[in-house]
Amino acid sequence: MAILNVAPGGGDVGPLVRALWLAQHYGTAEALRPENDRRLKAIVSKSLAGDGVVTLDKLGGFMDPKTFDDLAGPDAKLDAADIARGLADAEPESRAKLASSLREHADFLATTFDLIDDAHREAGEKLARWIAANYAPGKPLHVIVVCTGNSRRSILGSSMGNLAAAYYGMPEVRFHSGGTSPTAFNPRTVAALRAIGFDVEPTGAEAPKGDPKTDNPVHRVSWGRGFETLEFSKHYADPGNPQDGFAALMVCSEADEGCPFVRGASFRLSMPYLDPKIYDDGAYEAAKYAERRDDIGRLMLSVLMQARGAMRSKESSAP
């Protein structure tokens, strides 16, 4: 609960961010779409201007009237106490288990959905629909993130996907990584994940060498209490990955073009990102790995937020 109000460094995130998070949890489907994120922020900011109280008419259709009434109570106004109570009620158990620095980083990325570009926004909405259609509480739902070498983008994607799933209370959605021509879990990727709080440690075990014949150590990646996986460079069809019924996310153009059919996938989605490898050994190396991590991370958070919202809407409309 305390972290809801705390930014990295210990500062208060302020009433705007708290009200934005509330709208992201309880808002309509339109409120959750990344292309509406800037308008949502503007509306929330304007709503808080003056007395710091939000009324339904100020939200411009971004919240269902019944939902608003349930949150606001008899006075039909959302004040700071109502917003804090609504956020506390929305806190999923799995979010509280996240490492605190990862929780804070996800909190921040959830304020940046306006930075998702059109192509990734469209891909993300398709993935959100697939998750919402196939999700069942307590039953694992698998996603494999695929790039060529399974060394950078795919592991950034699987790690940020697992963070997003726990953040939004859907830890049954499990993200895995794989490649079409495995190499090794790149140390720069390790550093980018550690920088925001992932615990990434070598186990001492060695996976089969990649191509070229490089060492391929196995790492344990943890993102919170009870949340961990083993990561190493592998083919997407490695026996340790799900073999059928999964979604395959193609996050590099080469793997996307060279692997038009992913064996066992029930859903295949193209969402390529520029490889941070092109910045290796240069002054911007760390910054560009962090940029790619966060690009993928904010998309994964948006996807899980939209999937959760779609399922909540479906439940509320059920007889």
# chains A, B, ... in the order shown; residues from 1 in each chain; ligands from 1
>>> residues_around(residues="region 183-187 of chain A", least_positions_apart="4", cutoff="8 Å", atoms="only C-alpha atoms", output="ChimeraX atom specification")
/A:149-152,155,191,209-217,231-234
>>> closest_atom_pairs(of="region 240-267 of chain A", to="region 171-177 of chain A", cutoff="10 Å", atoms="only C-alpha atoms", output="JSON lines")
{"residue": "A:Gly240", "atom": "CA", "partner": "A:His176", "partner_atom": "CA", "distance": 9.2}
{"residue": "A:Asn241", "atom": "CA", "partner": "A:His176", "partner_atom": "CA", "distance": 6.7}
{"residue": "A:Pro242", "atom": "CA", "partner": "A:His176", "partner_atom": "CA", "distance": 8.3}
{"residue": "A:Phe246", "atom": "CA", "partner": "A:Phe175", "partner_atom": "CA", "distance": 9.6}
{"residue": "A:Ala247", "atom": "CA", "partner": "A:Phe175", "partner_atom": "CA", "distance": 9.4}
{"residue": "A:Ala248", "atom": "CA", "partner": "A:Ser177", "partner_atom": "CA", "distance": 9.4}
{"residue": "A:Leu249", "atom": "CA", "partner": "A:Ser177", "partner_atom": "CA", "distance": 9.4}
>>> write_last_selection(atoms="C-alpha atoms", output="CSV table (one decimal), in the first residue's frame")
chain,number,residue,atom,x,y,z
A,240,GLY,CA,11.6,-26.3,-21.4
A,241,ASN,CA,9.2,-24.0,-23.3
A,242,PRO,CA,5.5,-24.7,-23.8
A,246,PHE,CA,0.8,-20.5,-26.7
A,247,ALA,CA,1.1,-17.1,-28.2
A,248,ALA,CA,4.3,-16.4,-30.2
A,249,LEU,CA,5.5,-12.8,-30.2
>>> residues_around(residues="region 64-72 of chain A", least_positions_apart="4", cutoff="7 Å", atoms="only C-alpha atoms", output="number ranges by chain")
A: 27-28, 56, 76-78, 82, 86
>>> write_last_selection(atoms="N, CA and C atoms", output="PDB file, in the first residue's frame")
ATOM      1  N   GLY A  27     -11.440   2.466 -15.222  1.00  0.00           N
ATOM      2  CA  GLY A  27     -11.968   3.177 -16.378  1.00  0.00           C
ATOM      3  C   GLY A  27     -12.581   2.267 -17.428  1.00  0.00           C
ATOM      4  N   THR A  28     -13.224   2.885 -18.398  1.00  0.00           N
ATOM      5  CA  THR A  28     -13.801   2.161 -19.517  1.00  0.00           C
ATOM      6  C   THR A  28     -12.696   1.643 -20.432  1.00  0.00           C
ATOM      7  N   LEU A  56     -18.067  12.881 -11.921  1.00  0.00           N
ATOM      8  CA  LEU A  56     -18.260  12.029 -13.090  1.00  0.00           C
ATOM      9  C   LEU A  56     -18.262  12.823 -14.386  1.00  0.00           C
ATOM     10  N   ALA A  76     -21.065  11.747  -4.431  1.00  0.00           N
ATOM     11  CA  ALA A  76     -20.813  11.754  -5.877  1.00  0.00           C
ATOM     12  C   ALA A  76     -19.555  12.526  -6.254  1.00  0.00           C
ATOM     13  N   LYS A  77     -18.560  12.494  -5.371  1.00  0.00           N
ATOM     14  CA  LYS A  77     -17.289  13.161  -5.631  1.00  0.00           C
ATOM     15  C   LYS A  77     -16.149  12.247  -5.204  1.00  0.00           C
ATOM     16  N   LEU A  78     -15.121  12.200  -6.035  1.00  0.00           N
ATOM     17  CA  LEU A  78     -13.926  11.439  -5.696  1.00  0.00           C
ATOM     18  C   LEU A  78     -12.898  12.388  -5.090  1.00  0.00           C
ATOM     19  N   ASP A  82     -11.080   8.868  -1.210  1.00  0.00           N
ATOM     20  CA  ASP A  82     -11.764   7.906  -2.072  1.00  0.00           C
ATOM     21  C   ASP A  82     -10.784   7.270  -3.053  1.00  0.00           C
ATOM     22  N   GLY A  86      -9.826   3.395  -3.283  1.00  0.00           N
ATOM     23  CA  GLY A  86     -10.027   2.653  -4.523  1.00  0.00           C
ATOM     24  C   GLY A  86      -8.764   1.955  -4.983  1.00  0.00           C
TER      25      GLY A  86
END
>>> select_by_dssp(residues="region 102-160 of chain A", states="strand (DSSP E)", output="ChimeraX atom specification")
/A:141-147
>>> write_last_selection(atoms="N, CA and C atoms", output="mmCIF file, in the first residue's frame")
data_model
loop_
_atom_site.group_PDB
_atom_site.id
_atom_site.type_symbol
_atom_site.label_atom_id
_atom_site.label_comp_id
_atom_site.auth_asym_id
_atom_site.auth_seq_id
_atom_site.Cartn_x
_atom_site.Cartn_y
_atom_site.Cartn_z
ATOM 1 N N LEU A 141 -1.302 -19.622 -18.724
ATOM 2 C CA LEU A 141 -1.480 -19.209 -20.117
ATOM 3 C C LEU A 141 -0.114 -18.737 -20.596
ATOM 4 N N HIS A 142 0.391 -19.347 -21.665
ATOM 5 C CA HIS A 142 1.792 -19.163 -22.026
ATOM 6 C C HIS A 142 1.989 -18.277 -23.248
ATOM 7 N N VAL A 143 3.063 -17.490 -23.181
ATOM 8 C CA VAL A 143 3.495 -16.627 -24.276
ATOM 9 C C VAL A 143 4.990 -16.836 -24.467
ATOM 10 N N ILE A 144 5.431 -17.065 -25.709
ATOM 11 C CA ILE A 144 6.864 -17.153 -25.998
ATOM 12 C C ILE A 144 7.264 -15.928 -26.818
ATOM 13 N N VAL A 145 8.263 -15.215 -26.323
ATOM 14 C CA VAL A 145 8.797 -14.040 -27.019
ATOM 15 C C VAL A 145 10.004 -14.504 -27.831
ATOM 16 N N VAL A 146 9.971 -14.258 -29.134
ATOM 17 C CA VAL A 146 10.957 -14.847 -30.042
ATOM 18 C C VAL A 146 11.761 -13.764 -30.759
ATOM 19 N N CYS A 147 13.080 -13.879 -30.705
ATOM 20 C CA CYS A 147 13.960 -13.105 -31.590
ATOM 21 C C CYS A 147 14.986 -14.073 -32.163
#
>>> residues_around(residues="region 263-269 of chain A", least_positions_apart="2", cutoff="12 Å", atoms="only C-alpha atoms", output="PyMOL selection string")
chain A and resi 119-120+122-131+133-134+141-146+180+235-238+241-253+255-257+259-261+271-272
>>> residues_around(residues="Ser45 (chain A)", least_positions_apart="2", cutoff="10 Å", atoms="only C-alpha atoms", output="PDB file with C-alpha atoms, in the first residue's frame")
ATOM      1  CA  PRO A  15      -2.603  13.382  -6.794  1.00  0.00           C
ATOM      2  CA  LEU A  16      -2.476  13.379 -10.611  1.00  0.00           C
ATOM      3  CA  VAL A  17      -0.653  10.055 -10.800  1.00  0.00           C
ATOM      4  CA  ALA A  19      -5.991   9.591 -10.016  1.00  0.00           C
ATOM      5  CA  LEU A  20      -4.497   8.338 -13.301  1.00  0.00           C
ATOM      6  CA  ARG A  39      -6.323  12.774 -23.367  1.00  0.00           C
ATOM      7  CA  LEU A  40      -6.952  10.767 -20.207  1.00  0.00           C
ATOM      8  CA  LYS A  41      -4.073  12.553 -18.462  1.00  0.00           C
ATOM      9  CA  ALA A  42      -5.369  15.938 -19.617  1.00  0.00           C
ATOM     10  CA  ILE A  43      -8.877  15.154 -18.396  1.00  0.00           C
ATOM     11  CA  SER A  47     -10.630  17.386 -13.145  1.00  0.00           C
ATOM     12  CA  LEU A  48      -8.290  17.858 -10.189  1.00  0.00           C
ATOM     13  CA  ALA A  49      -7.734  21.565 -10.849  1.00  0.00           C
ATOM     14  CA  GLY A  52      -8.774  18.465  -6.121  1.00  0.00           C
ATOM     15  CA  VAL A  54     -13.188  14.566  -9.369  1.00  0.00           C
TER      16      VAL A  54
END
>>> atom_distance(atom1="CA of Leu102 (chain A)", atom2="CA of Ser159 (chain A)")
11.1 Å
>>> residues_around(residues="Glu30 (chain A)", least_positions_apart="4", cutoff="10 Å", atoms="only C-alpha atoms", output="PyMOL selection string")
chain A and resi 34-37+40+61-63+306
>>> residues_around(residues="region 115-117 of chain A", least_positions_apart="5", cutoff="8 Å", atoms="only C-alpha atoms", output="ChimeraX atom specification")
/A:34,295,298-299
>>> select_by_dssp(residues="region 44-189 of chain A", states="alpha helix (DSSP H)", output="PyMOL selection string")
chain A and resi 44-48+65-72+80-90+93-96+100-109+118-134+153-167+187-189
>>> atom_distance(atom1="CA of Ser101 (chain A)", atom2="CA of Gly197 (chain A)")
5.3 Å
>>> atom_distance(atom1="CA of Val303 (chain A)", atom2="CA of Asp118 (chain A)")
13.8 Å
